[in-house]
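Structure file structure11.csv with CSV, C-alpha atoms:
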chain,number,residue,atom,x,y,z
A,238,MET,CA,74.4,-40.0,-23.3
A,239,ASP,CA,71.9,-37.4,-22.2
A,240,TRP,CA,74.0,-35.3,-19.8
A,241,ILE,CA,77.3,-33.7,-19.6
A,242,SER,CA,79.2,-32.5,-16.5
A,243,PRO,CA,79.9,-28.8,-15.7
A,244,ARG,CA,83.6,-29.7,-16.0
A,245,GLN,CA,83.2,-31.0,-19.5
A,246,LEU,CA,81.2,-27.9,-20.5
A,247,LYS,CA,84.0,-25.7,-19.2
A,248,ARG,CA,86.6,-27.7,-21.1
A,249,LEU,CA,84.6,-27.2,-24.3
A,250,GLY,CA,84.6,-23.5,-23.7
A,251,MET,CA,80.8,-23.3,-23.5
A,252,LEU,CA,79.3,-19.8,-22.9
A,253,ASN,CA,76.5,-19.9,-20.4
A,254,MET,CA,73.5,-17.5,-20.2
A,255,ASN,CA,74.7,-15.6,-17.1
A,256,ARG,CA,78.1,-14.9,-18.6
A,257,ARG,CA,76.7,-14.0,-21.9
A,258,ASN,CA,74.3,-11.5,-20.3
A,259,VAL,CA,76.9,-9.9,-18.0
A,260,ASP,CA,80.3,-10.2,-19.8
A,261,TYR,CA,79.2,-9.7,-23.4
A,262,ILE,CA,75.7,-8.3,-23.9
A,263,ALA,CA,75.8,-5.8,-21.0
A,264,ARG,CA,79.4,-4.9,-21.5
A,265,TYR,CA,79.6,-4.6,-25.3
A,266,ASN,CA,76.1,-3.6,-26.3
A,267,ASP,CA,75.1,0.0,-25.6
A,268,ARG,CA,71.5,0.1,-24.7
A,269,SER,CA,71.0,3.1,-27.0
A,270,SER,CA,71.5,0.8,-30.0
A,271,TYR,CA,68.8,-1.7,-28.9
A,272,PRO,CA,65.8,0.2,-30.5
A,273,LEU,CA,67.7,-0.1,-33.8
A,274,VAL,CA,68.0,-3.9,-33.9
A,275,ASP,CA,64.7,-4.5,-32.1
A,276,ASN,CA,62.9,-2.8,-35.0
A,277,LYS,CA,63.1,-4.5,-38.4
A,278,LEU,CA,62.2,-1.3,-40.3
A,279,LYS,CA,64.9,0.7,-38.5
A,280,THR,CA,67.4,-2.1,-39.1
A,281,LYS,CA,66.7,-2.1,-42.9
A,282,LEU,CA,67.3,1.6,-43.1
A,283,ALA,CA,70.5,1.5,-41.1
A,284,VAL,CA,72.2,-1.4,-42.8
A,285,SER,CA,71.4,-0.1,-46.3
A,286,GLU,CA,73.9,2.7,-45.8
A,287,TYR,CA,76.6,0.0,-45.3
A,288,ASP,CA,76.0,-2.0,-48.5
A,289,VAL,CA,74.0,-4.7,-46.7
A,290,GLN,CA,71.1,-5.8,-48.8
A,291,THR,CA,67.7,-6.8,-47.4
A,292,PRO,CA,64.4,-8.1,-48.9
A,293,ARG,CA,62.7,-5.4,-50.9
A,294,LEU,CA,60.2,-3.3,-48.8
A,295,LEU,CA,56.7,-3.3,-50.4
A,296,GLN,CA,54.6,-1.5,-47.8
A,297,VAL,CA,54.7,-0.1,-44.3
A,298,VAL,CA,51.5,-0.1,-42.3
A,299,ARG,CA,51.6,2.4,-39.4
A,300,GLN,CA,48.0,3.3,-38.9
A,301,GLN,CA,44.7,1.3,-39.0
A,302,HIS,CA,43.4,3.2,-42.0
A,303,GLU,CA,46.4,2.2,-44.1
A,304,ILE,CA,45.4,-1.4,-44.0
A,305,SER,CA,42.8,-0.6,-46.7
A,306,HIS,CA,45.7,0.0,-49.1
A,307,PHE,CA,47.1,-3.6,-48.5
A,308,ARG,CA,44.4,-5.2,-50.7
A,309,ASP,CA,45.4,-3.0,-53.6
A,310,MET,CA,49.1,-3.4,-53.0
A,311,ALA,CA,48.9,-7.1,-53.0
A,312,GLU,CA,46.6,-7.4,-56.0
A,313,ASP,CA,49.3,-8.5,-58.4
A,314,LEU,CA,51.6,-10.2,-55.9
A,315,ALA,CA,52.0,-14.0,-55.8
A,316,GLY,CA,54.2,-14.0,-52.7
A,317,PHE,CA,55.3,-11.7,-49.9
A,318,ALA,CA,56.1,-11.7,-46.1
A,319,ILE,CA,54.2,-9.8,-43.4
A,320,LYS,CA,56.3,-9.0,-40.3
A,321,PRO,CA,55.8,-7.0,-37.1
A,322,ALA,CA,58.6,-4.5,-36.9
A,323,LYS,CA,59.2,-5.2,-33.2
A,324,GLY,CA,58.4,-8.9,-33.2
A,325,SER,CA,60.8,-11.4,-31.8
A,326,GLY,CA,61.4,-15.2,-32.1
A,327,GLY,CA,59.6,-15.3,-35.5
A,328,LYS,CA,56.2,-14.5,-33.9
A,329,GLY,CA,53.7,-12.8,-36.1
A,330,ILE,CA,55.5,-13.5,-39.3
A,331,THR,CA,53.3,-14.7,-42.1
A,332,VAL,CA,54.8,-15.9,-45.4
A,333,VAL,CA,52.6,-16.1,-48.5
A,334,THR,CA,54.0,-18.2,-51.4
A,335,GLY,CA,51.1,-18.2,-53.8
A,336,ARG,CA,47.6,-17.0,-54.6
A,337,ASP,CA,44.3,-18.5,-55.8
A,338,GLY,CA,41.6,-16.0,-56.6
A,339,ASP,CA,40.9,-14.0,-53.4
A,340,GLU,CA,42.8,-16.5,-51.2
A,341,PHE,CA,46.5,-16.4,-50.4
A,342,ILE,CA,48.5,-19.7,-49.9
A,343,LYS,CA,51.1,-20.2,-47.1
A,344,ALA,CA,54.2,-22.3,-47.5
A,345,SER,CA,52.3,-25.1,-45.6
A,346,GLY,CA,49.6,-25.1,-48.3
A,347,ALA,CA,47.0,-23.5,-45.9
A,348,ARG,CA,44.7,-20.9,-47.6
A,349,ILE,CA,44.1,-17.5,-46.1
A,350,PRO,CA,41.4,-15.1,-47.3
A,351,THR,CA,42.5,-11.4,-47.7
A,352,ALA,CA,40.2,-10.4,-44.7
A,353,MET,CA,42.2,-12.7,-42.4
A,354,LEU,CA,45.5,-11.1,-43.5
A,355,GLU,CA,44.0,-7.7,-42.8
A,356,ARG,CA,43.0,-8.8,-39.3
A,357,HIS,CA,46.5,-10.0,-38.9
A,358,LEU,CA,47.8,-6.5,-39.7
A,359,THR,CA,45.4,-5.1,-37.2
A,360,ASN,CA,46.8,-7.4,-34.5
A,361,ILE,CA,50.3,-6.4,-35.4
A,362,LEU,CA,49.5,-2.7,-35.0
A,363,ALA,CA,47.9,-3.5,-31.6
A,364,GLY,CA,51.2,-4.9,-30.4
A,365,LEU,CA,50.1,-8.6,-30.2
A,366,TYR,CA,53.5,-9.8,-31.3
A,367,SER,CA,55.8,-6.9,-30.2
A,368,LEU,CA,58.2,-6.8,-27.2
A,369,ALA,CA,56.2,-5.8,-24.1
A,370,GLY,CA,53.0,-5.6,-26.1
A,371,ALA,CA,53.8,-2.0,-27.3
A,372,PRO,CA,51.9,-0.7,-30.4
A,373,ASP,CA,53.8,-1.8,-33.5
A,374,VAL,CA,54.2,-1.2,-37.2
A,375,ALA,CA,53.7,-3.9,-39.9
A,376,ILE,CA,56.1,-4.2,-42.8
A,377,VAL,CA,55.4,-6.2,-46.0
A,378,GLU,CA,58.5,-7.4,-47.8
A,379,SER,CA,59.2,-9.2,-51.1
A,380,LEU,CA,59.2,-13.0,-50.9
A,381,VAL,CA,62.7,-14.6,-50.5
A,382,GLN,CA,63.2,-17.2,-53.2
A,383,SER,CA,65.7,-19.5,-51.4
A,384,SER,CA,68.7,-20.8,-53.3
A,385,PRO,CA,67.8,-24.3,-54.6
A,386,THR,CA,71.0,-25.8,-53.2
A,387,LEU,CA,69.8,-24.9,-49.7
A,388,ALA,CA,66.0,-25.0,-50.1
A,389,ARG,CA,66.0,-28.7,-50.7
A,390,TYR,CA,67.3,-29.3,-47.2
A,391,SER,CA,64.5,-27.3,-45.5
A,392,PHE,CA,60.9,-28.3,-45.2
A,393,GLN,CA,58.2,-25.8,-46.1
A,394,GLY,CA,60.3,-22.8,-45.1
A,395,VAL,CA,63.3,-20.7,-46.0
A,396,PRO,CA,66.6,-21.8,-44.4
A,397,ASP,CA,68.6,-19.0,-42.9
A,398,ILE,CA,72.1,-18.6,-41.5
A,399,ARG,CA,72.8,-17.2,-38.0
A,400,ILE,CA,76.3,-15.7,-37.6
A,401,VAL,CA,77.4,-14.5,-34.1
A,402,VAL,CA,79.4,-11.3,-34.5
A,403,PHE,CA,81.7,-10.0,-31.7
A,404,GLN,CA,83.4,-6.7,-32.0
A,405,GLY,CA,82.8,-6.9,-35.8
A,406,TYR,CA,84.3,-10.4,-36.1
A,407,PRO,CA,82.2,-13.3,-37.2
A,408,VAL,CA,83.0,-15.9,-34.6
A,409,MET,CA,80.4,-18.8,-35.0
A,410,ALA,CA,77.7,-19.7,-37.5
A,411,MET,CA,75.0,-22.2,-38.1
A,412,LEU,CA,72.4,-23.0,-40.8
A,413,ARG,CA,68.8,-23.2,-39.6
A,414,LEU,CA,66.4,-25.6,-41.4
A,415,ALA,CA,62.7,-25.6,-41.1
A,416,THR,CA,60.8,-28.8,-40.2
A,417,THR,CA,57.2,-30.0,-39.7
A,418,ALA,CA,57.7,-29.5,-35.9
A,419,SER,CA,58.8,-25.9,-36.4
A,420,ASP,CA,55.8,-25.1,-38.7
A,421,GLY,CA,58.1,-24.1,-41.5
A,422,LYS,CA,60.0,-21.6,-39.4
A,423,ALA,CA,63.8,-21.6,-38.9
A,424,ASN,CA,63.4,-21.4,-35.1
A,425,LEU,CA,65.4,-23.9,-33.1
A,426,HIS,CA,63.2,-23.6,-30.0
A,427,GLN,CA,60.2,-24.6,-32.1
A,428,GLY,CA,61.9,-27.6,-33.6
A,429,ALA,CA,64.0,-26.4,-36.5
A,430,VAL,CA,67.3,-28.1,-37.3
A,431,GLY,CA,70.6,-26.3,-36.5
A,432,VAL,CA,73.6,-27.2,-38.6
A,433,GLY,CA,77.0,-26.0,-37.4
A,434,LEU,CA,79.1,-24.3,-40.1
A,435,ASP,CA,82.8,-24.1,-40.3
A,436,ILE,CA,83.8,-20.4,-40.2
A,437,GLY,CA,86.7,-21.1,-42.4
A,438,SER,CA,84.8,-22.7,-45.3
A,439,GLY,CA,81.0,-22.6,-44.8
A,440,GLN,CA,81.0,-26.4,-44.6
A,441,SER,CA,78.6,-28.2,-42.3
A,442,LEU,CA,80.0,-29.7,-39.1
A,443,ASN,CA,77.3,-31.2,-36.8
A,444,ALA,CA,73.5,-31.0,-36.7
A,445,VAL,CA,71.0,-30.9,-33.8
A,446,GLN,CA,67.3,-30.8,-33.3
A,447,PHE,CA,65.8,-30.2,-29.9
A,448,ASN,CA,69.4,-30.1,-28.6
A,449,ARG,CA,70.0,-33.7,-29.7
A,450,PRO,CA,72.5,-34.7,-32.5
A,451,ILE,CA,71.0,-35.9,-35.8
A,452,SER,CA,72.5,-36.8,-39.1
A,453,LEU,CA,69.5,-36.7,-41.4
A,454,HIS,CA,66.8,-34.0,-41.8
A,455,PRO,CA,63.6,-35.4,-40.1
A,456,ASP,CA,61.3,-34.5,-43.0
A,457,THR,CA,63.4,-34.5,-46.1
A,458,GLY,CA,65.6,-37.4,-45.1
A,459,LEU,CA,68.7,-35.7,-46.6
A,460,ALA,CA,72.1,-36.1,-45.0
A,461,LEU,CA,73.3,-33.0,-43.3
A,462,GLU,CA,77.0,-33.7,-43.3
A,463,ASN,CA,78.0,-32.4,-46.8
A,464,ILE,CA,76.3,-29.0,-47.0
A,465,LYS,CA,78.4,-26.2,-48.4
A,466,ILE,CA,77.4,-22.5,-48.3
A,467,ASP,CA,78.3,-20.7,-51.5
A,468,ASP,CA,79.7,-17.1,-51.4
A,469,TRP,CA,80.7,-17.7,-47.8
A,470,GLU,CA,83.4,-15.1,-47.5
A,471,ASN,CA,81.0,-12.4,-48.8
A,472,MET,CA,78.4,-13.5,-46.2
A,473,LEU,CA,80.9,-13.2,-43.4
A,474,GLU,CA,81.9,-9.7,-44.6
A,475,MET,CA,78.2,-8.7,-44.7
A,476,ALA,CA,77.8,-9.8,-41.1
A,477,ALA,CA,80.9,-7.9,-40.1
A,478,ARG,CA,79.6,-4.7,-41.7
A,479,CYS,CA,76.6,-4.8,-39.4
A,480,PHE,CA,79.0,-3.9,-36.6
A,481,GLU,CA,79.6,-0.5,-38.2
A,482,ALA,CA,75.9,-0.1,-39.0
A,483,THR,CA,74.7,-0.7,-35.4
A,484,GLY,CA,77.7,-0.2,-33.0
A,485,LEU,CA,76.6,-3.4,-31.2
A,486,GLY,CA,79.6,-5.4,-30.0
A,487,TYR,CA,77.8,-8.7,-29.5
A,488,MET,CA,74.9,-9.7,-31.8
A,489,GLY,CA,73.4,-12.4,-34.1
A,490,VAL,CA,73.2,-11.6,-37.8
A,491,ASP,CA,70.5,-13.6,-39.7
A,492,LEU,CA,71.1,-14.0,-43.4
A,493,VAL,CA,69.3,-15.8,-46.2
A,494,VAL,CA,70.5,-16.7,-49.7
A,495,ASP,CA,68.1,-15.6,-52.4
A,496,ALA,CA,68.1,-17.4,-55.7
A,497,ASN,CA,68.2,-14.1,-57.6
A,498,GLU,CA,69.5,-11.5,-55.2
A,499,GLY,CA,72.2,-13.5,-53.4
A,500,PRO,CA,72.8,-13.0,-49.6
A,501,LEU,CA,70.2,-10.8,-47.8
A,502,LEU,CA,69.9,-9.7,-44.2
A,503,LEU,CA,66.7,-10.8,-42.5
A,504,GLU,CA,67.3,-9.3,-39.1
A,505,LEU,CA,69.7,-8.6,-36.3
A,506,ASN,CA,69.5,-9.8,-32.7
A,507,ALA,CA,71.1,-8.1,-29.8
A,508,ARG,CA,70.6,-11.1,-27.5
A,509,PRO,CA,71.5,-14.1,-29.7
A,510,GLY,CA,70.8,-17.5,-28.2
A,511,LEU,CA,73.4,-20.1,-27.2
A,512,ALA,CA,72.2,-23.2,-29.1
A,513,ILE,CA,74.6,-22.3,-31.8
A,514,GLN,CA,77.3,-23.9,-29.6
A,515,MET,CA,75.4,-27.2,-29.6
A,516,ALA,CA,75.2,-27.1,-33.4
A,517,ASN,CA,78.9,-26.5,-33.7
A,518,GLY,CA,79.9,-29.0,-31.0
A,519,CYS,CA,82.2,-26.4,-29.4
A,520,GLY,CA,82.0,-23.3,-27.2
A,521,LEU,CA,82.0,-19.6,-27.9
A,522,LEU,CA,84.3,-18.5,-25.1
A,523,PRO,CA,87.7,-19.3,-26.6
A,524,ARG,CA,86.8,-17.4,-29.8
A,525,LEU,CA,85.4,-14.4,-27.9
A,526,ARG,CA,88.6,-14.3,-25.8
A,527,THR,CA,90.7,-14.5,-28.9
A,528,ILE,CA,89.1,-11.3,-30.1
A,529,GLU,CA,89.3,-9.6,-26.7
A,530,HIS,CA,93.0,-10.3,-26.5
A,531,LEU,CA,93.8,-8.8,-30.0
A,532,LYS,CA,96.5,-6.1,-29.6
A,533,ARG,CA,95.7,-4.7,-33.0
A,534,PRO,CA,92.1,-5.0,-34.1
A,535,HIS,CA,91.3,-5.0,-37.8
A,536,PHE,CA,89.4,-2.0,-39.0
A,537,SER,CA,87.8,-3.1,-42.2
A,538,PRO,CA,85.0,-5.7,-42.3
A,539,ARG,CA,86.9,-7.6,-45.0
A,540,GLU,CA,90.0,-7.9,-42.8
A,541,ARG,CA,87.9,-9.0,-39.8
A,542,ALA,CA,86.1,-11.7,-41.9
A,543,ALA,CA,89.5,-13.0,-43.3
A,544,PHE,CA,90.9,-13.1,-39.8
A,545,ALA,CA,88.0,-15.1,-38.5
A,546,MET,CA,88.2,-17.6,-41.4
A,547,GLU,CA,91.8,-18.2,-40.7
A,548,SER,CA,91.6,-18.2,-36.9
A,549,PHE,CA,88.5,-20.2,-36.3
A,550,ALA,CA,88.5,-22.8,-39.2
A,551,ARG,CA,88.0,-26.3,-38.1
A,552,LEU,CA,88.2,-28.2,-41.4
As structure tokens, the full file:
Amino acid sequence: MDWISPRQLKRLGMLNMNRRNVDYIARYNDRSSYPLVDNKLKTKLAVSEYDVQTPRLLQVVRQQHEISHFRDMAEDLAGFAIKPAKGSGGKGITVVTGRDGDEFIKASGARIPTAMLERHLTNILAGLYSLAGAPDVAIVESLVQSSPTLARYSFQGVPDIRIVVFQGYPVMAMLRLATTASDGKANLHQGAVGVGLDIGSGQSLNAVQFNRPISLHPDTGLALENIKIDDWENMLEMAARCFEATGLGYMGVDLVVDANEGPLLLELNARPGLAIQMANGCGLLPRLRTIEHLKRPHFSPRERAAFAMESFARL
């Protein structure tokens, strides 16, 4: 069945884009907080004060002349990630996983000479990947070594976990797995797989690719029905702490699980997409309204995470 009626969508409590924009983003997100989450460097600095770990910062390139220092900085590095501070949708992110002489190797196996990475840094500074094309800053971070239990489900890319947080409560989550179609990026619009996660346990629920249900990863062939996220309660609490760090009432929190460091924050999104509802097979509206109708909100991130696990569990 390729279509669903508006009545059925309403019965499922699906949040549409207009309602999301007006009733939740515009109402609960103060625009003064947007520059904080639209800039990865500012995000890293803000959340660090609230005990939210992020990948280690190796270099910040603000001016063209600083690019000359990149070659020296990367001399002894086998892996790292270059990101535009104001980029969106994964654009401009280059992940290097190895090195062979003067060439760096991407997760796909493609080889990149140092000069090409330096040109990429120049393009970032010029605003090629930033919102509205504004001049940008490039950041170089340590390479995330994905937890083996999750890495095996993803294809040539680090899997991440998107958690929608409303008024400090984690209300819905999904695991995003890279594919050949997504070019190793965990971006659903580019063809990554979205796996809905039970808020109560971190257990997988449903899986979709290109908005269609699937049961096996298209590249690895692994079944997606029995995935379990370790340290789940801690990850929900981390996501909840981002509310205090930013003041944003409605946001997406993107986390990864590093093999050595544990859960790390990748970035925050003040305008999280709605495909997470497809991956979970249910709508956001009932959960958002549950939080809005609370007579006594919980003040600590731990209490909010615990409330969400109890209230929104499906398994």
Choose the residue, out of A:Lys343, A:Ala410, A:Glu286, A:Gln296, that has the smallest atom-to-atom separation from A:Gln514; count all atoms listed in the file. A:Ala410
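Surrounding residues of (59.6, -0.9, -49.0) at most 9 Å away are Pro292, Arg293, Leu294, Leu295, Gln296, Val297, Ile376, Val377, Glu378 and Ser379 of chain A (based on all atoms listed in the file).
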Determine, counting all atoms listed in the file, which protein, DNA and RNA residues have an atom within 6 Å of an atom of stretch 492-495 of chain A; residues of the same chain fewer than 6 positions away are not included. Present the result as JSON, numbers by chain. {"A": [381, 382, 383, 384, 397, 398, 501, 502, 503]}
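Among the candidate residues A:Ser438, A:Thr417, A:Thr331, A:Asn424, the one lying nearest to A:Pro455 is A:Thr417, with distances computed using all atoms listed in the file.
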So that I can see what lies close to A:Leu522, please list as a VMD selection string the residues with an atom at most 8 Å from it, counting only C-alpha atoms and leaving out residues fewer than 6 positions away in the same chain. chain A and resid 250 to 252
Using only C-alpha atoms, which residues sit within 10 Å of A:Leu273 once same-chain residues fewer than 3 positions away are excluded, as a list of chain:residue names? A:Arg268, A:Ser269, A:Ser270, A:Asn276, A:Lys277, A:Leu278, A:Lys279, A:Thr280, A:Lys281, A:Leu282, A:Ala283, A:Lys323, A:Ala482, A:Thr483, A:Leu485, A:Leu505, A:Asn506, A:Ala507
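Straight-line separation from atom CA of A:Gly518 to atom CA of A:Val432: 10.0 Å.
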I'd like the neighbourhood of A:Phe341 as a PyMOL selection string, where a residue qualifies if any of its atoms comes within 9 Å (using all atoms listed in the file), though same-chain residues fewer than 5 positions away should be ignored. chain A and resi 315-316+333-336+347-351+354
Could you dump the residues just selected with C-alpha atoms as a PDB file, in the frame of the given file?
ATOM      1  CA  ALA A 315      52.000 -14.000 -55.800  1.00  0.00           C
ATOM      2  CA  GLY A 316      54.200 -14.000 -52.700  1.00  0.00           C
ATOM      3  CA  VAL A 333      52.600 -16.100 -48.500  1.00  0.00           C
ATOM      4  CA  THR A 334      54.000 -18.200 -51.400  1.00  0.00           C
ATOM      5  CA  GLY A 335      51.100 -18.200 -53.800  1.00  0.00           C
ATOM      6  CA  ARG A 336      47.600 -17.000 -54.600  1.00  0.00           C
ATOM      7  CA  ALA A 347      47.000 -23.500 -45.900  1.00  0.00           C
ATOM      8  CA  ARG A 348      44.700 -20.900 -47.600  1.00  0.00           C
ATOM      9  CA  ILE A 349      44.100 -17.500 -46.100  1.00  0.00           C
ATOM     10  CA  PRO A 350      41.400 -15.100 -47.300  1.00  0.00           C
ATOM     11  CA  THR A 351      42.500 -11.400 -47.700  1.00  0.00           C
ATOM     12  CA  LEU A 354      45.500 -11.100 -43.500  1.00  0.00           C
TER      13      LEU A 354
END
Write stretch 426-435 of chain A as a short mmCIF file (atom, residue, chain, number, x, y, z; two decimals), in the coordinates of the input, completed to all heavy atoms.
data_model
loop_
_atom_site.label_atom_id
_atom_site.label_comp_id
_atom_site.auth_asym_id
_atom_site.auth_seq_id
_atom_site.Cartn_x
_atom_site.Cartn_y
_atom_site.Cartn_z
N HIS A 426 64.01 -23.30 -31.18
CA HIS A 426 63.20 -23.60 -30.00
C HIS A 426 61.85 -24.22 -30.42
O HIS A 426 61.23 -24.92 -29.61
CB HIS A 426 62.91 -22.29 -29.23
CG HIS A 426 64.15 -21.69 -28.64
ND1 HIS A 426 64.88 -22.31 -27.64
CD2 HIS A 426 64.80 -20.53 -28.90
CE1 HIS A 426 65.92 -21.57 -27.32
NE2 HIS A 426 65.90 -20.48 -28.07
N GLN A 427 61.43 -24.01 -31.66
CA GLN A 427 60.20 -24.60 -32.10
C GLN A 427 60.40 -25.91 -32.87
O GLN A 427 59.45 -26.51 -33.35
CB GLN A 427 59.47 -23.58 -33.06
CG GLN A 427 59.04 -22.32 -32.33
CD GLN A 427 58.40 -21.30 -33.25
OE1 GLN A 427 58.53 -21.39 -34.48
NE2 GLN A 427 57.72 -20.32 -32.68
N GLY A 428 61.66 -26.33 -32.99
CA GLY A 428 61.90 -27.60 -33.60
C GLY A 428 62.67 -27.61 -34.91
O GLY A 428 62.79 -28.64 -35.58
N ALA A 429 63.19 -26.46 -35.30
CA ALA A 429 64.00 -26.40 -36.50
C ALA A 429 65.34 -27.12 -36.27
O ALA A 429 65.74 -27.35 -35.12
CB ALA A 429 64.27 -24.96 -36.93
N VAL A 430 66.01 -27.48 -37.35
CA VAL A 430 67.30 -28.10 -37.30
C VAL A 430 68.42 -27.09 -37.31
O VAL A 430 68.37 -26.17 -38.14
CB VAL A 430 67.49 -29.14 -38.42
CG1 VAL A 430 68.93 -29.66 -38.48
CG2 VAL A 430 66.52 -30.30 -38.27
N GLY A 431 69.39 -27.21 -36.43
CA GLY A 431 70.60 -26.30 -36.50
C GLY A 431 71.77 -27.09 -36.95
O GLY A 431 72.09 -28.16 -36.42
N VAL A 432 72.41 -26.57 -37.98
CA VAL A 432 73.60 -27.20 -38.60
C VAL A 432 74.80 -26.31 -38.37
O VAL A 432 74.83 -25.20 -38.90
CB VAL A 432 73.39 -27.50 -40.07
CG1 VAL A 432 74.62 -28.22 -40.64
CG2 VAL A 432 72.13 -28.31 -40.31
N GLY A 433 75.75 -26.75 -37.58
CA GLY A 433 77.00 -26.00 -37.40
C GLY A 433 77.75 -25.79 -38.65
O GLY A 433 77.85 -26.72 -39.45
N LEU A 434 78.30 -24.58 -38.85
CA LEU A 434 79.10 -24.30 -40.10
C LEU A 434 80.49 -23.89 -39.71
O LEU A 434 80.71 -23.09 -38.80
CB LEU A 434 78.40 -23.15 -40.85
CG LEU A 434 76.99 -23.41 -41.38
CD1 LEU A 434 76.43 -22.12 -41.98
CD2 LEU A 434 76.99 -24.54 -42.40
N ASP A 435 81.43 -24.45 -40.44
CA ASP A 435 82.80 -24.10 -40.30
C ASP A 435 83.05 -22.65 -40.73
O ASP A 435 82.75 -22.32 -41.89
CB ASP A 435 83.71 -25.04 -41.07
CG ASP A 435 85.17 -24.66 -41.03
OD1 ASP A 435 85.64 -24.30 -39.94
OD2 ASP A 435 85.83 -24.74 -42.08
#
